[in-house]
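Beneath this line is the structure, given in structure tokens, with notes to follow.
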Amino acid sequence: MADNEARRFLVIGLPDMGKTTFLAALWHVVESKEIGSALQLVNVEGNREYIGKLREKWIACEALGRTAQGQISVIQMRLRAAADGAEANLALPDVSGETFRTQLRDRAWTPEYAQLAAGVAGALVFIHPDEVTEPVRIEEAAPLAAAIAPEGTAEGAGAAKAWTHDDIPTQVNIVELLQFHRARTPGPFSVGIVVSAWDLVAAQGKTPAEWLDATLPLLGQFLRSNVDELPFKVFGVSAQGGELNAVDRLMAAAKPSERIQVADDREISHDITRPISWLLKTQTN
Amino acid sequence: MPKTEETTAEKPAAAPPTPKPIPMSPGYELSGTTALSITRAKLARVIMLAGPVGSGKTTLLSSIYELFGKGLIRGYSFAGSETLPVMELRCHLSRIASERAEADTERTKLDEALKLLHLHLADGNGKKTHLLMSDPSGEAFRIARDSTDECRKLTILRRADVVVFCLDGSGLSKRRTRPGIVADARALLRSMLDAGMLDGSSHAQVLFTKSDQLVNPEGETEAELTAEIERDFRANFESRLRRLEFRRTSVKPLASAAGIEELLASWVERDELAPLQIAPPLRESSRMYDCFPRSPAHGG
């Protein structure tokens with residue numbers, strides 16, 4: 001990473017997947033230089049008010065709220081790698097999760113999104129463990145349903161709720177969003193999968209990649225089968241470091257950056273810039 | 001020549017055109033035209049599932065998709081699909097999101113339009129194959145079975161790399177329904193051969209679906225129940241086909257599904273996959289009866 005051409009990446013994810021919290025924590029880490037190994041801020045392009053406000057809330061362990069649909073704030077900065085001093089320009093747009101939900105429902109990109117995506121060769125894709133919708137077959141749920149419902153009280157076999165796009169499982173939606181990009185990207189499209197709120201699942205003892213394979217197997221197969229077109233890596237990121245109702249524990253960290261947990265394979269660090277470093281590296285290889 | 005008022009008047013600047021949304025893949029079943037673009041551009045296999053209502057065609061296809069979604073297929077990986085929403089729709093009645101107490105399958109409706117589901121699969125070595133799978137309604141096959149002329153209109157048969165005749169294992173286990181199921185499948189295969197839609201270059205499979213139910217109160221085993229059918233079909237049809245094989249699948253419960261990986265292997269295997277030639281110009285049609293020139297793999 002040693003040129004002035006801006007490396008632009010997208011930030012993809014349905015609502016409440018942790019995208020904005022990640023951006024707020026990322027901004028704090030690069031700007032504060034609290035983590036020595038992390039990418040560090042050289043300077044900022046454009047308005048920093050938006051990201052500054054998010055950072056204030058993040059430091060105070062407050063909920064950041066949803067990004068409004070239609071609102072796209074692009075965070076542009078020049079970063080320097082602590083390891084070798086190489087610099088690169090980075091642009092990350094904060095796009096609302098509703099924008100992606102609308103893409104899936106309408107099977108179309110808005111002109112604004114298409115403009116944003118033009119020429120982009122990679123993205124961070126966010127998945128929140130508590131927001132994953134998995135398909136459950138009736139035969140799988142039948143024993144539980146029988147145990148709960150007294151005999152003869154089950155719903156009639158004929159009654160069926162109509163199918164909607166909201167019934168589509170998370171893994172299928174993410175595959176679809178990536179297929180949209182693959183179809184419109186001439187070269188490889190790098191995918192940094194960020195499993196947010198990693199603290200919720202870290203106790204399972206799996207690496208982020210193992211968690212993805214176990215929880216979202218269709219997505220895991222899709223990524224591995226298309227690694228030439230979609231180079232990928234899976235990270236576990238706890239940008240807040242824990243649940244917001246444990247504010248006292250979170251605020252006890254000597255530096256705000258130290259409450260961040262990033263799992264990269266089996267290595268754990270506070271360096272939230274790792275997914276960005278990996279994306280940048282895929283662009284220079 | 002003096003300029004007229006009309007020619008000299010300044011026209012108001014045209015408003016810039018409003019940018020339009022950029023459409024993505026619609027996600028519906030593929031039409032013949034769209035499917036042709038896949039078969040021409042990339043290695044692809046067209047699989048036609050044939051059989052009457054209730055023979056398990058639609059359940060089989062939705063179960064294959066569900067098995068990939070649950071990571072229960074070994075040997076092949078999901079590499080993509082142009083028809084994800086419609087496959088989700090087809091799985092709906094078997095999921096609790098439908099709020100049904102008993103699983104069901106959406107029946108394929110009688111429709112002239114050719115509809116194909118798409119799965120892109122990668123094998124253990126990373127080799128990829130596009131599977132284009134069609135399961136027309138049982139009614140379409142009843143018509144084709146009873147009329148050679150009607151059967152000739154099913155031109156997709158001439159492009160199909162494998163034609164799968166689905167026989168309901170549950171029905172085969174009952175003395176009352178078994179003869180009818182066998183006669184029906186035999187008549188359909190004969191009609192396709194007599195109509196010239198299948199011939200000595202064709203690959204046909206007889207698939208015993210619901211094979212977990214291939215037992216009967218008389219104590220006949222699965223092998224005994226199917227052996228006579230195999231002998232019958234081999235005697236009548238094997239010499240008229242390039243390949244005739246018999247397979248079994250069961251998909252309920254899904255976690256104990258059997259025969260699926262072997263079936264997929266028989267669909268995607270490459271040893272007989274001839275390179276596709278440049279096909280004649282496309283006809284703008286999505287009708288099942290109009291598209292699909294004969295596959296070069298079948299001798300053109």
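In the structure tokens, chains take the letters A, B, ... in the order shown, each chain's residues start at 1, and ligands count up from 1 in the order shown.
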
- A:Val74: which residues within 10 Å, counting only C-alpha atoms, same-chain residues fewer than 2 positions away excluded, as a list in words? Arg8, Leu10, Glu45, Gly46, Asn47, Arg48, Tyr50, Ile51, Gln71, Ile72, Gln76, Met77, Leu90, Ala91, Leu92, Pro93, Asp94, Val95 and Leu116 of chain A

If you run DSSP over the backbone, which residues in stretch 48-198 of chain A end up helix (DSSP H, G or I)? Put them as a PyMOL selection string. chain A and resi 49-59+97-106+111-117+129-131+138-148+165-167+170-184+198

For C-alpha atoms, I'd like the residues from the last selection saved as a short mmCIF file (atom, residue, chain, number, x, y, z; two decimals), in the first residue's frame.
data_model
loop_
_atom_site.label_atom_id
_atom_site.label_comp_id
_atom_site.auth_asym_id
_atom_site.auth_seq_id
_atom_site.Cartn_x
_atom_site.Cartn_y
_atom_site.Cartn_z
CA GLU A 49 -18.51 15.37 12.04
CA TYR A 50 -20.52 12.24 11.32
CA ILE A 51 -17.85 9.77 12.37
CA GLY A 52 -16.86 12.00 15.28
CA LYS A 53 -20.35 11.81 16.76
CA LEU A 54 -20.41 8.04 16.36
CA ARG A 55 -17.08 7.81 18.14
CA GLU A 56 -18.33 9.89 21.08
CA LYS A 57 -21.17 7.45 21.60
CA TRP A 58 -18.87 4.47 21.18
CA ILE A 59 -16.44 5.78 23.81
CA GLY A 97 -28.87 -2.07 6.41
CA GLU A 98 -32.28 -1.24 4.98
CA THR A 99 -30.58 -0.37 1.71
CA PHE A 100 -29.40 -3.96 1.40
CA ARG A 101 -32.77 -5.36 2.45
CA THR A 102 -34.36 -3.27 -0.30
CA GLN A 103 -31.81 -4.57 -2.84
CA LEU A 104 -32.81 -8.12 -2.02
CA ARG A 105 -36.52 -7.40 -2.21
CA ASP A 106 -36.42 -5.27 -5.37
CA PRO A 111 -28.24 4.46 -8.97
CA GLU A 112 -26.58 5.89 -5.84
CA TYR A 113 -25.43 2.49 -4.68
CA ALA A 114 -24.27 1.53 -8.15
CA GLN A 115 -22.15 4.66 -8.23
CA LEU A 116 -20.72 3.78 -4.84
CA ALA A 117 -19.94 0.23 -5.94
CA PRO A 129 -24.64 -13.90 15.70
CA ASP A 130 -27.88 -12.82 17.39
CA GLU A 131 -29.37 -11.62 14.11
CA ILE A 138 -41.06 -28.66 10.52
CA GLU A 139 -39.68 -32.13 11.14
CA GLU A 140 -36.88 -30.63 13.22
CA ALA A 141 -39.26 -28.60 15.35
CA ALA A 142 -41.97 -31.27 15.65
CA PRO A 143 -40.63 -32.97 18.80
CA LEU A 144 -40.38 -29.63 20.61
CA ALA A 145 -43.80 -28.51 19.37
CA ALA A 146 -45.35 -31.77 20.52
CA ALA A 147 -43.83 -31.37 23.94
CA ILE A 148 -45.09 -27.82 24.31
CA HIS A 165 -38.61 -12.23 1.25
CA ASP A 166 -38.32 -11.78 5.02
CA ASP A 167 -38.40 -15.58 5.34
CA THR A 170 -29.35 -14.83 6.54
CA GLN A 171 -26.82 -17.01 4.71
CA VAL A 172 -28.88 -16.96 1.51
CA ASN A 173 -29.25 -13.18 1.67
CA ILE A 174 -25.49 -12.70 2.05
CA VAL A 175 -24.75 -15.08 -0.83
CA GLU A 176 -27.20 -13.13 -2.95
CA LEU A 177 -25.67 -9.75 -2.09
CA LEU A 178 -22.23 -11.12 -2.99
CA GLN A 179 -23.57 -12.58 -6.23
CA PHE A 180 -24.88 -9.13 -7.13
CA HIS A 181 -21.38 -7.71 -6.70
CA ARG A 182 -19.64 -10.59 -8.44
CA ALA A 183 -21.85 -10.11 -11.48
CA ARG A 184 -20.84 -6.45 -11.72
CA TRP A 198 -17.78 -11.97 18.71
#

Dump as JSON lines the rows for residues of chain B within 8 Å of chain A: closest atom pair and distance in Å with one decimal, only C-alpha atoms counted, ordered by chain and rising residue number.
{"residue": "B:Pro19", "atom": "CA", "partner": "A:Pro111", "partner_atom": "CA", "distance": 6.0}
{"residue": "B:Lys20", "atom": "CA", "partner": "A:Pro111", "partner_atom": "CA", "distance": 6.3}
{"residue": "B:Pro21", "atom": "CA", "partner": "A:Thr110", "partner_atom": "CA", "distance": 4.7}
{"residue": "B:Ile22", "atom": "CA", "partner": "A:Trp109", "partner_atom": "CA", "distance": 5.0}
{"residue": "B:Pro23", "atom": "CA", "partner": "A:Ala108", "partner_atom": "CA", "distance": 4.2}
{"residue": "B:Met24", "atom": "CA", "partner": "A:Ala108", "partner_atom": "CA", "distance": 5.0}
{"residue": "B:Ser25", "atom": "CA", "partner": "A:Arg107", "partner_atom": "CA", "distance": 6.7}
{"residue": "B:Pro26", "atom": "CA", "partner": "A:Arg107", "partner_atom": "CA", "distance": 6.0}
{"residue": "B:Gly27", "atom": "CA", "partner": "A:Arg107", "partner_atom": "CA", "distance": 7.9}
{"residue": "B:Phe68", "atom": "CA", "partner": "A:Leu218", "partner_atom": "CA", "distance": 6.2}
{"residue": "B:Gly69", "atom": "CA", "partner": "A:Leu218", "partner_atom": "CA", "distance": 4.8}
{"residue": "B:Lys70", "atom": "CA", "partner": "A:Pro217", "partner_atom": "CA", "distance": 6.1}
{"residue": "B:Gly71", "atom": "CA", "partner": "A:Pro217", "partner_atom": "CA", "distance": 5.1}
{"residue": "B:Ser77", "atom": "CA", "partner": "A:Gln221", "partner_atom": "CA", "distance": 5.5}
{"residue": "B:Phe78", "atom": "CA", "partner": "A:Gln221", "partner_atom": "CA", "distance": 5.5}
{"residue": "B:Ala79", "atom": "CA", "partner": "A:Phe222", "partner_atom": "CA", "distance": 4.6}
{"residue": "B:Gly80", "atom": "CA", "partner": "A:Phe222", "partner_atom": "CA", "distance": 6.2}
{"residue": "B:Leu84", "atom": "CA", "partner": "A:Val172", "partner_atom": "CA", "distance": 7.4}
{"residue": "B:Pro85", "atom": "CA", "partner": "A:Ile168", "partner_atom": "CA", "distance": 7.6}
{"residue": "B:Glu88", "atom": "CA", "partner": "A:Ile168", "partner_atom": "CA", "distance": 6.6}
{"residue": "B:Leu89", "atom": "CA", "partner": "A:Trp163", "partner_atom": "CA", "distance": 6.4}
{"residue": "B:His92", "atom": "CA", "partner": "A:Trp163", "partner_atom": "CA", "distance": 6.5}
{"residue": "B:Leu93", "atom": "CA", "partner": "A:Ala160", "partner_atom": "CA", "distance": 7.3}
{"residue": "B:Ser94", "atom": "CA", "partner": "A:Arg137", "partner_atom": "CA", "distance": 5.7}
{"residue": "B:Arg95", "atom": "CA", "partner": "A:Arg137", "partner_atom": "CA", "distance": 4.1}
{"residue": "B:Ile96", "atom": "CA", "partner": "A:Ile138", "partner_atom": "CA", "distance": 5.1}
{"residue": "B:Ala97", "atom": "CA", "partner": "A:Asp167", "partner_atom": "CA", "distance": 6.8}
{"residue": "B:Ser98", "atom": "CA", "partner": "A:Lys161", "partner_atom": "CA", "distance": 4.8}
{"residue": "B:Glu99", "atom": "CA", "partner": "A:Ala160", "partner_atom": "CA", "distance": 5.6}
{"residue": "B:Arg100", "atom": "CA", "partner": "A:Ala160", "partner_atom": "CA", "distance": 5.3}
{"residue": "B:Ala101", "atom": "CA", "partner": "A:Ala157", "partner_atom": "CA", "distance": 5.1}
{"residue": "B:Glu102", "atom": "CA", "partner": "A:Ala157", "partner_atom": "CA", "distance": 5.3}
{"residue": "B:Ala103", "atom": "CA", "partner": "A:Ile138", "partner_atom": "CA", "distance": 6.0}
{"residue": "B:Ala122", "atom": "CA", "partner": "A:Ser225", "partner_atom": "CA", "distance": 6.2}
{"residue": "B:Gly126", "atom": "CA", "partner": "A:Ser225", "partner_atom": "CA", "distance": 6.6}
{"residue": "B:Pro253", "atom": "CA", "partner": "A:Glu139", "partner_atom": "CA", "distance": 7.0}

Store the residues picked out above in a file with N, CA and C atoms, as a compact mmCIF listing (two decimals), in the first residue's frame.
# COMPACT_ATOMS: atom_id res chain seq x y z
N PRO B 19 -31.88 8.83 -13.21
CA PRO B 19 -31.20 7.53 -13.18
C PRO B 19 -32.16 6.43 -12.77
N LYS B 20 -32.04 5.33 -13.45
CA LYS B 20 -32.94 4.22 -13.15
C LYS B 20 -32.24 3.18 -12.29
N PRO B 21 -33.02 2.43 -11.51
CA PRO B 21 -32.40 1.34 -10.74
C PRO B 21 -31.70 0.37 -11.69
N ILE B 22 -30.66 -0.24 -11.18
CA ILE B 22 -29.90 -1.21 -11.99
C ILE B 22 -30.39 -2.61 -11.61
N PRO B 23 -31.07 -3.27 -12.55
CA PRO B 23 -31.65 -4.57 -12.19
C PRO B 23 -30.57 -5.64 -11.99
N MET B 24 -30.81 -6.48 -11.02
CA MET B 24 -29.95 -7.65 -10.78
C MET B 24 -30.69 -8.89 -11.31
N SER B 25 -30.08 -10.02 -11.16
CA SER B 25 -30.72 -11.26 -11.56
C SER B 25 -32.08 -11.37 -10.87
N PRO B 26 -33.17 -11.65 -11.60
CA PRO B 26 -34.50 -11.61 -10.99
C PRO B 26 -34.75 -12.71 -9.97
N GLY B 27 -34.03 -13.82 -10.07
CA GLY B 27 -34.18 -14.85 -9.05
C GLY B 27 -35.30 -15.85 -9.28
N PHE B 68 -27.72 -28.74 0.94
CA PHE B 68 -26.57 -27.83 0.80
C PHE B 68 -26.65 -26.73 1.87
N GLY B 69 -27.84 -26.22 2.10
CA GLY B 69 -28.01 -25.15 3.09
C GLY B 69 -27.66 -25.57 4.50
N LYS B 70 -27.77 -26.85 4.77
CA LYS B 70 -27.46 -27.35 6.11
C LYS B 70 -26.08 -28.00 6.17
N GLY B 71 -25.35 -27.92 5.06
CA GLY B 71 -24.00 -28.48 5.04
C GLY B 71 -23.99 -29.99 5.16
N SER B 77 -19.92 -28.91 -3.20
CA SER B 77 -20.19 -27.68 -2.47
C SER B 77 -21.06 -26.76 -3.31
N PHE B 78 -21.85 -25.98 -2.63
CA PHE B 78 -22.67 -24.97 -3.28
C PHE B 78 -21.77 -23.83 -3.75
N ALA B 79 -21.84 -23.50 -5.05
CA ALA B 79 -20.99 -22.42 -5.58
C ALA B 79 -21.81 -21.25 -6.10
N GLY B 80 -23.14 -21.32 -5.99
CA GLY B 80 -23.97 -20.21 -6.42
C GLY B 80 -25.26 -20.66 -7.04
N LEU B 84 -32.12 -18.41 -6.30
CA LEU B 84 -32.22 -18.58 -4.84
C LEU B 84 -33.62 -18.26 -4.30
N PRO B 85 -34.23 -17.13 -4.65
CA PRO B 85 -35.54 -16.85 -4.05
C PRO B 85 -36.59 -17.92 -4.36
N GLU B 88 -36.03 -20.89 -2.27
CA GLU B 88 -36.52 -20.62 -0.91
C GLU B 88 -38.04 -20.76 -0.85
N LEU B 89 -38.71 -20.23 -1.84
CA LEU B 89 -40.17 -20.33 -1.89
C LEU B 89 -40.61 -21.80 -1.90
N HIS B 92 -40.60 -23.38 1.46
CA HIS B 92 -41.37 -22.69 2.50
C HIS B 92 -42.32 -23.62 3.26
N LEU B 93 -43.06 -24.43 2.55
CA LEU B 93 -44.09 -25.25 3.21
C LEU B 93 -43.50 -26.36 4.07
N SER B 94 -42.20 -26.57 3.97
CA SER B 94 -41.57 -27.59 4.82
C SER B 94 -40.87 -26.96 6.02
N ARG B 95 -41.01 -25.64 6.17
CA ARG B 95 -40.33 -24.94 7.26
C ARG B 95 -41.35 -24.35 8.25
N ILE B 96 -40.88 -24.12 9.48
CA ILE B 96 -41.80 -23.60 10.49
C ILE B 96 -42.24 -22.17 10.16
N ALA B 97 -41.49 -21.47 9.32
CA ALA B 97 -41.90 -20.11 8.93
C ALA B 97 -43.25 -20.12 8.22
N SER B 98 -43.64 -21.25 7.68
CA SER B 98 -44.95 -21.34 7.01
C SER B 98 -46.08 -21.46 8.02
N GLU B 99 -45.73 -21.72 9.28
CA GLU B 99 -46.70 -21.89 10.37
C GLU B 99 -47.60 -23.09 10.15
N ARG B 100 -47.12 -24.03 9.35
CA ARG B 100 -47.86 -25.29 9.18
C ARG B 100 -47.40 -26.29 10.24
N ALA B 101 -48.29 -27.22 10.56
CA ALA B 101 -47.93 -28.28 11.51
C ALA B 101 -47.31 -29.47 10.80
N GLU B 102 -47.63 -29.62 9.51
CA GLU B 102 -47.08 -30.73 8.74
C GLU B 102 -46.40 -30.18 7.49
N ALA B 103 -45.28 -30.78 7.15
CA ALA B 103 -44.53 -30.32 5.97
C ALA B 103 -45.29 -30.68 4.69
N ALA B 122 -19.51 -27.23 -7.00
CA ALA B 122 -18.08 -27.50 -7.12
C ALA B 122 -17.80 -28.86 -6.50
N GLY B 126 -12.61 -28.79 -6.89
CA GLY B 126 -12.89 -27.41 -7.30
C GLY B 126 -13.47 -27.27 -8.69
N PRO B 253 -36.36 -38.29 7.23
CA PRO B 253 -36.02 -36.92 7.57
C PRO B 253 -34.76 -36.47 6.81

B:Pro52 environment, 10 Å, only C-alpha atoms, sequence neighbours closer than 2 positions dropped, as a ChimeraX atom specification
/B:50,54-57,136-142,165-168,181,184-185,188

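The neighbours of B:Ser63 here are the residues that come within 8 Å of it, using only C-alpha atoms and leaving out any residue fewer than 5 positions away in the same chain; they are B:Cys91, B:Val251, B:Leu254.
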
Write the residues of the selection above to a file with C-alpha atoms, as a tab-separated table (two decimals), in the first residue's frame.
chain	number	residue	atom	x	y	z
B	91	CYS	CA	-38.89	-24.92	0.68
B	251	VAL	CA	-35.06	-37.37	1.95
B	254	LEU	CA	-33.59	-34.65	5.81

Residue set, stretch 121-244 of chain B restricted to strand (DSSP E), as number ranges by chain: B: 121-123, 128-134, 162-168, 203-209, 243-244

Generate a file of the selected residues that holds N, CA, C and O atoms, formatted as a tab-separated table (two decimals), in the first residue's frame.
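Result file is out.tsv:
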chain	number	residue	atom	x	y	z
B	121	LEU	N	-22.40	-26.06	-8.76
B	121	LEU	CA	-21.77	-26.94	-7.78
B	121	LEU	C	-20.28	-27.07	-8.06
B	121	LEU	O	-19.85	-27.04	-9.22
B	122	ALA	N	-19.51	-27.23	-7.00
B	122	ALA	CA	-18.08	-27.50	-7.12
B	122	ALA	C	-17.80	-28.86	-6.50
B	122	ALA	O	-18.32	-29.18	-5.43
B	123	ASP	N	-16.99	-29.67	-7.19
B	123	ASP	CA	-16.65	-30.97	-6.60
B	123	ASP	C	-15.43	-30.81	-5.69
B	123	ASP	O	-14.93	-29.70	-5.48
B	128	LYS	N	-16.23	-27.07	-11.38
B	128	LYS	CA	-17.60	-26.57	-11.23
B	128	LYS	C	-18.49	-27.00	-12.38
B	128	LYS	O	-18.04	-27.09	-13.53
B	129	THR	N	-19.74	-27.22	-12.05
B	129	THR	CA	-20.74	-27.60	-13.05
B	129	THR	C	-22.03	-26.83	-12.75
B	129	THR	O	-22.44	-26.72	-11.60
B	130	HIS	N	-22.65	-26.33	-13.80
B	130	HIS	CA	-23.98	-25.73	-13.65
B	130	HIS	C	-25.02	-26.83	-13.84
B	130	HIS	O	-25.02	-27.50	-14.87
B	131	LEU	N	-25.87	-26.99	-12.85
B	131	LEU	CA	-27.00	-27.91	-12.99
B	131	LEU	C	-28.25	-27.10	-13.28
B	131	LEU	O	-28.60	-26.19	-12.52
B	132	LEU	N	-28.91	-27.41	-14.37
B	132	LEU	CA	-30.19	-26.79	-14.71
B	132	LEU	C	-31.24	-27.88	-14.63
B	132	LEU	O	-31.21	-28.84	-15.39
B	133	MET	N	-32.15	-27.73	-13.69
B	133	MET	CA	-33.07	-28.82	-13.37
B	133	MET	C	-34.51	-28.39	-13.58
B	133	MET	O	-34.92	-27.32	-13.13
B	134	SER	N	-35.25	-29.25	-14.24
B	134	SER	CA	-36.65	-28.93	-14.53
B	134	SER	C	-37.54	-30.04	-13.99
B	134	SER	O	-37.23	-31.22	-14.13
B	162	VAL	N	-29.68	-35.82	-18.73
B	162	VAL	CA	-30.22	-36.97	-18.01
B	162	VAL	C	-31.73	-36.77	-17.86
B	162	VAL	O	-32.18	-35.70	-17.46
B	163	VAL	N	-32.51	-37.80	-18.21
B	163	VAL	CA	-33.95	-37.77	-17.96
B	163	VAL	C	-34.22	-38.76	-16.83
B	163	VAL	O	-33.86	-39.94	-16.93
B	164	VAL	N	-34.80	-38.24	-15.76
B	164	VAL	CA	-34.99	-39.03	-14.54
B	164	VAL	C	-36.47	-39.37	-14.39
B	164	VAL	O	-37.30	-38.48	-14.27
B	165	PHE	N	-36.78	-40.65	-14.41
B	165	PHE	CA	-38.18	-41.08	-14.22
B	165	PHE	C	-38.37	-41.39	-12.75
B	165	PHE	O	-37.81	-42.37	-12.23
B	166	CYS	N	-39.16	-40.56	-12.07
B	166	CYS	CA	-39.34	-40.72	-10.62
B	166	CYS	C	-40.51	-41.66	-10.34
B	166	CYS	O	-41.63	-41.45	-10.81
B	167	LEU	N	-40.23	-42.70	-9.56
B	167	LEU	CA	-41.26	-43.66	-9.15
B	167	LEU	C	-41.42	-43.57	-7.63
B	167	LEU	O	-40.44	-43.69	-6.89
B	168	ASP	N	-42.64	-43.35	-7.20
B	168	ASP	CA	-42.95	-43.16	-5.79
B	168	ASP	C	-42.76	-44.48	-5.02
B	168	ASP	O	-43.56	-45.41	-5.16
B	203	HIS	N	-29.43	-40.72	-21.91
B	203	HIS	CA	-29.13	-41.25	-20.57
B	203	HIS	C	-30.41	-41.13	-19.74
B	203	HIS	O	-30.89	-40.03	-19.48
B	204	ALA	N	-30.97	-42.27	-19.38
B	204	ALA	CA	-32.20	-42.28	-18.58
B	204	ALA	C	-31.93	-42.93	-17.23
B	204	ALA	O	-31.12	-43.86	-17.11
B	205	GLN	N	-32.59	-42.39	-16.22
B	205	GLN	CA	-32.50	-42.97	-14.88
B	205	GLN	C	-33.91	-43.29	-14.40
B	205	GLN	O	-34.83	-42.50	-14.60
B	206	VAL	N	-34.05	-44.43	-13.76
B	206	VAL	CA	-35.28	-44.74	-13.03
B	206	VAL	C	-34.94	-44.52	-11.56
B	206	VAL	O	-34.04	-45.17	-11.02
B	207	LEU	N	-35.64	-43.57	-10.95
B	207	LEU	CA	-35.32	-43.20	-9.57
B	207	LEU	C	-36.45	-43.62	-8.65
B	207	LEU	O	-37.59	-43.13	-8.78
B	208	PHE	N	-36.14	-44.49	-7.72
B	208	PHE	CA	-37.12	-44.88	-6.71
B	208	PHE	C	-37.02	-43.85	-5.58
B	208	PHE	O	-36.08	-43.88	-4.78
B	209	THR	N	-37.97	-42.93	-5.55
B	209	THR	CA	-37.99	-41.92	-4.48
B	209	THR	C	-38.65	-42.53	-3.24
B	209	THR	O	-39.26	-43.60	-3.32
B	243	ARG	N	-27.72	-45.31	-22.04
B	243	ARG	CA	-27.48	-45.70	-20.65
B	243	ARG	C	-28.80	-45.71	-19.91
B	243	ARG	O	-29.59	-44.75	-20.01
B	244	LEU	N	-29.03	-46.77	-19.18
B	244	LEU	CA	-30.22	-46.87	-18.32
B	244	LEU	C	-29.76	-47.32	-16.96
B	244	LEU	O	-29.11	-48.37	-16.83

Problem set entry | Pick from B:Ile143, B:Leu60, B:Ile156, B:Met48, whichever lies nearest to B:Thr33 using only C-alpha atoms |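 Closest residue, counting only C-alpha atoms: B:Ile156.
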
Computed gap from atom CA of A:Ile12 to atom CA of A:Gln40 is 23.2 Å

Exercise. Please indicate the distance in Å from atom CA of B:Leu67 to atom CA of B:Met87, rounded to one decimal place.
Key: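 Interatomic distance, atom CA of B:Leu67 to atom CA of B:Met87: 12.3 Å.
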
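Within the 12 Å cut-off around stretch 205-207 of chain A, using only C-alpha atoms and omitting residues fewer than 4 positions from it on the same chain, the listed residues are A:Val195, A:Trp198, A:Asp199, A:Leu200, A:Val201, A:Trp211, A:Leu212, A:Asp213, A:Ala214, A:Thr215, A:Lys233, A:Val234, A:Phe235, A:Gly236, A:Val237, A:Val262, A:Ala263, A:Asp264, A:Asp265, A:Arg266, A:Glu267, A:Ile268.
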
Given only C-alpha atoms as the counted atoms, nearest of B:Lys153, B:Arg175, B:Arg158, B:His118 to B:Asp199: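 Checking each candidate against B:Asp199, we get B:Arg158 as the closest.
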
task: Please provide as a ChimeraX atom specification all residues within 7 Å of A:Leu230, with the sequence filter that same-chain residues fewer than 5 positions apart are discarded (counting only C-alpha atoms).
output: /A:188-191,223

Keeping only all heavy atoms, write the selected residues to a file as an mmCIF file, in the first residue's frame.
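Output below, filename selection_36.cif:
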data_model
loop_
_atom_site.group_PDB
_atom_site.id
_atom_site.type_symbol
_atom_site.label_atom_id
_atom_site.label_comp_id
_atom_site.auth_asym_id
_atom_site.auth_seq_id
_atom_site.Cartn_x
_atom_site.Cartn_y
_atom_site.Cartn_z
ATOM 1 N N PRO A 188 -11.387 -9.844 -9.313
ATOM 2 C CA PRO A 188 -11.698 -10.401 -7.995
ATOM 3 C C PRO A 188 -12.340 -9.363 -7.075
ATOM 4 O O PRO A 188 -12.022 -8.170 -7.151
ATOM 5 C CB PRO A 188 -10.333 -10.833 -7.463
ATOM 6 C CG PRO A 188 -9.463 -10.965 -8.665
ATOM 7 C CD PRO A 188 -9.959 -9.954 -9.640
ATOM 8 N N PHE A 189 -13.215 -9.819 -6.212
ATOM 9 C CA PHE A 189 -13.897 -8.966 -5.234
ATOM 10 C C PHE A 189 -13.602 -9.559 -3.852
ATOM 11 O O PHE A 189 -14.114 -10.623 -3.499
ATOM 12 C CB PHE A 189 -15.404 -8.953 -5.532
ATOM 13 C CG PHE A 189 -16.197 -7.988 -4.690
ATOM 14 C CD1 PHE A 189 -16.262 -6.646 -5.031
ATOM 15 C CD2 PHE A 189 -16.872 -8.422 -3.559
ATOM 16 C CE1 PHE A 189 -16.996 -5.755 -4.259
ATOM 17 C CE2 PHE A 189 -17.610 -7.537 -2.783
ATOM 18 C CZ PHE A 189 -17.671 -6.196 -3.136
ATOM 19 N N SER A 190 -12.740 -8.879 -3.102
ATOM 20 C CA SER A 190 -12.292 -9.418 -1.815
ATOM 21 C C SER A 190 -13.379 -9.252 -0.756
ATOM 22 O O SER A 190 -14.038 -8.209 -0.690
ATOM 23 C CB SER A 190 -11.022 -8.703 -1.346
ATOM 24 O OG SER A 190 -10.011 -8.836 -2.320
ATOM 25 N N VAL A 191 -13.531 -10.265 0.071
ATOM 26 C CA VAL A 191 -14.613 -10.259 1.057
ATOM 27 C C VAL A 191 -14.025 -10.505 2.448
ATOM 28 O O VAL A 191 -13.556 -11.607 2.742
ATOM 29 C CB VAL A 191 -15.656 -11.353 0.737
ATOM 30 C CG1 VAL A 191 -16.770 -11.342 1.780
ATOM 31 C CG2 VAL A 191 -16.231 -11.160 -0.664
ATOM 32 N N LEU A 223 -18.212 -19.283 -0.479
ATOM 33 C CA LEU A 223 -16.956 -18.538 -0.465
ATOM 34 C C LEU A 223 -15.785 -19.430 -0.867
ATOM 35 O O LEU A 223 -14.940 -19.037 -1.670
ATOM 36 C CB LEU A 223 -16.722 -17.934 0.928
ATOM 37 C CG LEU A 223 -17.673 -16.790 1.307
ATOM 38 C CD1 LEU A 223 -17.557 -16.463 2.790
ATOM 39 C CD2 LEU A 223 -17.392 -15.543 0.471
#

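Of the listed residues A:Ile272, A:Ala68, A:Leu280, A:Ala203, the one whose atoms come nearest to A:Asp16 is A:Ala68, with distances taken using only C-alpha atoms.
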
Q.
So the first atom is atom CA of B:Met197 and the second is atom CA of B:Arg152; what is the distance between them in Å, to one decimal place?
A.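 Calculated distance between atom CA of B:Met197 and atom CA of B:Arg152 is 6.4 Å.
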